[in-house]
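What follows is the content of protein-v5.json (JSON, C-alpha atoms).
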```
[["chain", "number", "residue", "atom", "x", "y", "z"],
["J", 1438, "MET", "CA", 30.26, 79.18, 34.86],
["J", 1439, "ASN", "CA", 33.82, 77.88, 34.50],
["J", 1440, "ARG", "CA", 34.14, 75.20, 31.80],
["J", 1441, "GLY", "CA", 37.80, 74.44, 32.58],
["J", 1442, "PRO", "CA", 37.39, 71.40, 34.82],
["J", 1443, "GLN", "CA", 34.33, 69.99, 32.99],
["J", 1444, "LYS", "CA", 36.24, 67.13, 31.36],
["J", 1445, "ALA", "CA", 37.65, 65.91, 34.70],
["J", 1446, "VAL", "CA", 34.29, 66.33, 36.43],
["J", 1447, "LEU", "CA", 32.50, 64.32, 33.74],
["J", 1448, "ALA", "CA", 35.21, 61.64, 33.86],
["J", 1449, "THR", "CA", 34.42, 61.16, 37.56],
["J", 1450, "VAL", "CA", 30.66, 60.95, 36.94],
["J", 1451, "ASP", "CA", 31.16, 58.57, 33.99],
["J", 1452, "ALA", "CA", 33.46, 56.33, 36.02],
["J", 1453, "ALA", "CA", 30.91, 56.18, 38.86],
["J", 1454, "LEU", "CA", 28.02, 55.38, 36.50],
["J", 1455, "ASP", "CA", 30.06, 52.79, 34.58],
["J", 1456, "ALA", "CA", 31.08, 51.11, 37.85],
["J", 1457, "ALA", "CA", 27.49, 51.14, 39.12],
["J", 1458, "GLY", "CA", 26.24, 49.67, 35.85],
["J", 1459, "SER", "CA", 28.72, 46.80, 36.00],
["J", 1460, "GLY", "CA", 28.25, 46.20, 39.73],
["J", 1461, "ASP", "CA", 31.86, 47.20, 40.47],
["J", 1462, "ILE", "CA", 31.31, 48.62, 43.95],
["J", 1463, "LYS", "CA", 35.06, 48.76, 44.71],
["J", 1464, "THR", "CA", 35.67, 51.13, 41.80],
["J", 1465, "MET", "CA", 32.48, 53.03, 42.53],
["J", 1466, "ARG", "CA", 33.70, 53.79, 46.06],
["J", 1467, "THR", "CA", 36.80, 55.51, 44.65],
["J", 1468, "GLU", "CA", 34.63, 58.11, 42.87],
["J", 1469, "TYR", "CA", 32.69, 59.24, 45.98],
["J", 1470, "LEU", "CA", 33.71, 61.03, 49.13],
["J", 1471, "PRO", "CA", 33.57, 58.70, 52.15],
["J", 1472, "ASN", "CA", 30.81, 60.80, 53.74],
["J", 1473, "CYS", "CA", 28.78, 61.34, 50.56],
["J", 1474, "SER", "CA", 25.03, 61.92, 50.64],
["J", 1475, "PHE", "CA", 22.39, 60.10, 48.63],
["J", 1476, "VAL", "CA", 18.72, 60.89, 47.98],
["J", 1477, "ASP", "CA", 16.53, 58.32, 46.24],
["J", 1478, "GLU", "CA", 12.94, 57.17, 45.89],
["J", 1479, "PHE", "CA", 13.04, 54.33, 48.45],
["J", 1480, "ALA", "CA", 13.01, 54.48, 52.23],
["J", 1481, "PRO", "CA", 14.51, 56.06, 54.17],
["J", 1482, "TYR", "CA", 15.01, 58.37, 51.13],
["J", 1483, "GLN", "CA", 18.26, 59.97, 52.31],
["J", 1484, "TRP", "CA", 21.61, 58.66, 53.49],
["J", 1485, "SER", "CA", 24.61, 60.60, 54.74],
["J", 1486, "GLY", "CA", 27.63, 60.18, 56.96],
["J", 1487, "PRO", "CA", 30.66, 57.88, 56.98],
["J", 1488, "ASP", "CA", 28.72, 54.69, 56.12],
["J", 1489, "SER", "CA", 26.23, 56.31, 53.74],
["J", 1490, "MET", "CA", 27.15, 54.25, 50.68],
["J", 1491, "ASP", "CA", 26.80, 50.94, 52.55],
["J", 1492, "ALA", "CA", 23.48, 52.06, 54.05],
["J", 1493, "TYR", "CA", 22.26, 53.22, 50.62],
["J", 1494, "PHE", "CA", 23.15, 49.88, 49.02],
["J", 1495, "ALA", "CA", 21.47, 47.96, 51.88],
["J", 1496, "SER", "CA", 18.28, 50.01, 51.44],
["J", 1497, "ALA", "CA", 18.38, 49.47, 47.67],
["J", 1498, "ALA", "CA", 18.75, 45.72, 48.15],
["J", 1499, "GLN", "CA", 15.76, 45.73, 50.49],
["J", 1500, "MET", "CA", 13.69, 47.69, 47.94],
["J", 1501, "TYR", "CA", 14.64, 45.26, 45.17],
["J", 1502, "LYS", "CA", 13.61, 42.34, 47.35],
["J", 1503, "GLN", "CA", 10.31, 43.92, 48.47],
["J", 1504, "THR", "CA", 9.28, 44.94, 44.95],
["J", 1505, "GLY", "CA", 10.56, 41.85, 43.18],
["J", 1506, "MET", "CA", 12.54, 44.09, 40.84],
["J", 1507, "THR", "CA", 14.96, 42.17, 38.63],
["J", 1508, "GLY", "CA", 16.88, 42.61, 35.40],
["J", 1509, "THR", "CA", 17.48, 46.31, 35.91],
["J", 1510, "LYS", "CA", 19.10, 48.06, 32.96],
["J", 1511, "VAL", "CA", 19.98, 51.73, 33.03],
["J", 1512, "SER", "CA", 20.82, 53.87, 30.03],
["J", 1513, "ARG", "CA", 22.05, 57.42, 30.34],
["J", 1514, "GLY", "CA", 21.88, 60.39, 28.08],
["J", 1515, "SER", "CA", 24.37, 63.17, 27.65],
["J", 1516, "PRO", "CA", 24.69, 65.49, 30.64],
["J", 1517, "LYS", "CA", 22.12, 68.29, 30.42],
["J", 1518, "PHE", "CA", 23.92, 70.70, 32.72],
["J", 1519, "VAL", "CA", 27.49, 70.89, 33.97],
["J", 1520, "TYR", "CA", 28.39, 73.85, 36.16],
["J", 1521, "THR", "CA", 31.85, 74.12, 37.67],
["J", 1522, "THR", "CA", 34.08, 76.29, 39.75],
["J", 1523, "SER", "CA", 37.65, 75.46, 40.65],
["J", 1524, "THR", "CA", 36.48, 73.56, 43.77],
["J", 1525, "SER", "CA", 32.91, 72.37, 43.15],
["J", 1526, "ALA", "CA", 30.63, 71.12, 40.39],
["J", 1527, "TYR", "CA", 26.99, 70.32, 39.63],
["J", 1528, "VAL", "CA", 26.03, 67.76, 36.96],
["J", 1529, "VAL", "CA", 22.60, 66.65, 35.70],
["J", 1530, "VAL", "CA", 22.43, 63.35, 33.79],
["J", 1531, "PRO", "CA", 19.19, 61.98, 32.29],
["J", 1532, "LEU", "CA", 18.53, 58.27, 32.84],
["J", 1533, "LYS", "CA", 16.10, 55.64, 31.60],
["J", 1534, "VAL", "CA", 15.49, 52.53, 33.70],
["J", 1535, "GLN", "CA", 14.05, 49.23, 32.48],
["J", 1536, "ALA", "CA", 13.39, 46.27, 34.74],
["J", 1537, "THR", "CA", 10.84, 43.65, 35.68],
["J", 1538, "VAL", "CA", 8.71, 44.17, 38.79],
["J", 1539, "LYS", "CA", 6.87, 41.07, 39.99],
["J", 1540, "GLY", "CA", 6.96, 39.71, 36.45],
["J", 1541, "LYS", "CA", 5.71, 42.89, 34.75],
["J", 1542, "PRO", "CA", 7.76, 45.29, 32.61],
["J", 1543, "TYR", "CA", 8.83, 48.41, 34.45],
["J", 1544, "ARG", "CA", 10.11, 51.63, 32.90],
["J", 1545, "ALA", "CA", 11.10, 54.89, 34.53],
["J", 1546, "SER", "CA", 12.94, 58.02, 33.53],
["J", 1547, "GLY", "CA", 14.48, 60.85, 35.43],
["J", 1548, "THR", "CA", 17.76, 62.50, 36.24],
["J", 1549, "LEU", "CA", 20.68, 61.83, 38.49],
["J", 1550, "ILE", "CA", 22.04, 65.01, 39.97],
["J", 1551, "PHE", "CA", 25.60, 65.07, 41.27],
["J", 1552, "ALA", "CA", 27.45, 67.62, 43.37],
["J", 1553, "LEU", "CA", 31.21, 67.16, 43.32],
["J", 1554, "GLN", "CA", 34.13, 68.59, 45.25],
["J", 1555, "HIS", "CA", 37.69, 68.94, 44.09],
["J", 1556, "THR", "CA", 40.06, 67.19, 46.49],
["J", 1557, "ASP", "CA", 43.80, 66.43, 46.58],
["J", 1558, "ALA", "CA", 42.86, 63.11, 44.91],
["J", 1559, "GLY", "CA", 40.87, 64.83, 42.14],
["J", 1560, "TRP", "CA", 37.12, 65.28, 41.69],
["J", 1561, "LYS", "CA", 34.91, 63.25, 44.03],
["J", 1562, "ILE", "CA", 31.13, 62.96, 44.25],
["J", 1563, "ALA", "CA", 29.82, 64.54, 47.44],
["J", 1564, "MET", "CA", 26.09, 64.10, 46.73],
["J", 1565, "GLN", "CA", 23.90, 62.05, 44.41],
["J", 1566, "THR", "CA", 20.16, 62.60, 44.00],
["J", 1567, "TRP", "CA", 17.70, 60.64, 41.85],
["J", 1568, "ALA", "CA", 14.78, 62.74, 40.59],
["J", 1569, "LYS", "CA", 12.16, 60.54, 38.93],
["J", 1570, "ALA", "CA", 10.18, 62.07, 36.07],
["J", 1571, "THR", "CA", 8.06, 59.16, 34.82],
["J", 1572, "GLU", "CA", 7.27, 55.51, 35.49],
["J", 1573, "ASN", "CA", 4.79, 53.05, 34.02],
["J", 1574, "ILE", "CA", 3.99, 51.27, 37.31],
["J", 1575, "SER", "CA", 4.90, 51.94, 40.90],
["J", 1576, "PRO", "CA", 7.48, 49.47, 42.26],
["J", 1577, "ASN", "CA", 6.40, 50.15, 45.86]]
```

Take the structure in the file and give it back as structure tokens.
Amino acid sequence: MNRGPQKAVLATVDAALDAAGSGDIKTMRTEYLPNCSFVDEFAPYQWSGPDSMDAYFASAAQMYKQTGMTGTKVSRGSPKFVYTTSTSAYVVVPLKVQATVKGKPYRASGTLIFALQHTDAGWKIAMQTWAKATENISPN
């Protein structure tokens, strides 16, 4: 494990999570590769290719509408694992989610897993996966 680029890798992940939390999609896009891949708990569960981020957001919006999920707040813990080489990285970040689903409190926890690549423009997220650990009610 090479700890040299950890600070830059974590800066990329933090910037992406901060942008997502504030709804700043323009900034969020700068932290991901254009053909990044996503895996998440809502259909169709995986997105990849040149329009993957737009397709992921469209699917998320549809899930929010179908489940009546509102008021989503996400808090993150310190990264649990950060593995790096000079050209790639793997980061695991614990998350807690609070929201309202059809008028009822919703809580979930899990981890976001990121794979990053070093590019001429710095570290960029190539893959993001949500791995749910717990939830109090199913939003589906």

The centre and edge lengths of an axis-aligned box containing all atoms of region 1558-1572 of chain J present in the file, extended by 3 Å on each side, are to be given in Å to one decimal, as lines of an AutoDock Vina configuration file.
```
center_x = 25.1
center_y = 60.4
center_z = 41.1
size_x = 41.6
size_y = 15.8
size_z = 18.6
```

Worksheet item: What lies within 6 Å of Met1465 (chain J) using only C-alpha atoms, ignoring chain neighbours under 3 positions off, as a PyMOL selection string?
Response: chain J and resi 1453+1456+1462+1468

Store the residues picked out above, limited to C-alpha atoms, as an mmCIF file, keeping the file's coordinate frame.
```
data_model
loop_
_atom_site.group_PDB
_atom_site.id
_atom_site.type_symbol
_atom_site.label_atom_id
_atom_site.label_comp_id
_atom_site.auth_asym_id
_atom_site.auth_seq_id
_atom_site.Cartn_x
_atom_site.Cartn_y
_atom_site.Cartn_z
ATOM 1 C CA ALA J 1453 30.910 56.180 38.860
ATOM 2 C CA ALA J 1456 31.080 51.110 37.850
ATOM 3 C CA ILE J 1462 31.310 48.620 43.950
ATOM 4 C CA GLU J 1468 34.630 58.110 42.870
#
```

Fill in: Residue neighbourhood region 1562-1573 of chain J, 8 Å, all atoms listed in the file, exclusion window fewer than 3 positions, as a count of residues only
24

Worksheet item: Do you have the CA of Gln1483 (chain J)-CA of Gln1535 (chain J) distance handy?
Response: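 For CA of Gln1483 (chain J) relative to CA of Gln1535 (chain J), the distance reads 22.9 Å.
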
Discussion item. To one decimal place in Å, what is the distance between CA of Phe1479 (chain J) and CA of Gly1505 (chain J)?
Written reply: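 A separation of 13.8 Å between them.
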
Discussion item. Could you tell me how far CA of Gln1503 (chain J) sits from CA of Ala1452 (chain J), in Å to one decimal place?
Written reply: 29.1 Å

Worksheet item: Pick from J:Ser1496, J:Thr1464, J:Thr1556, J:Ser1485: nearest to Ser1523 (chain J), with all atoms listed in the file counted?
Response: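 Closest to Ser1523 (chain J) of all the choices is J:Thr1556.
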
Fill in: Distance criterion (all atoms listed in the file): nearest to Leu1454 (chain J) out of J:Tyr1501, J:Lys1541, J:Ser1512, J:Pro1471
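Closest to Leu1454 (chain J) of all the choices is J:Ser1512.
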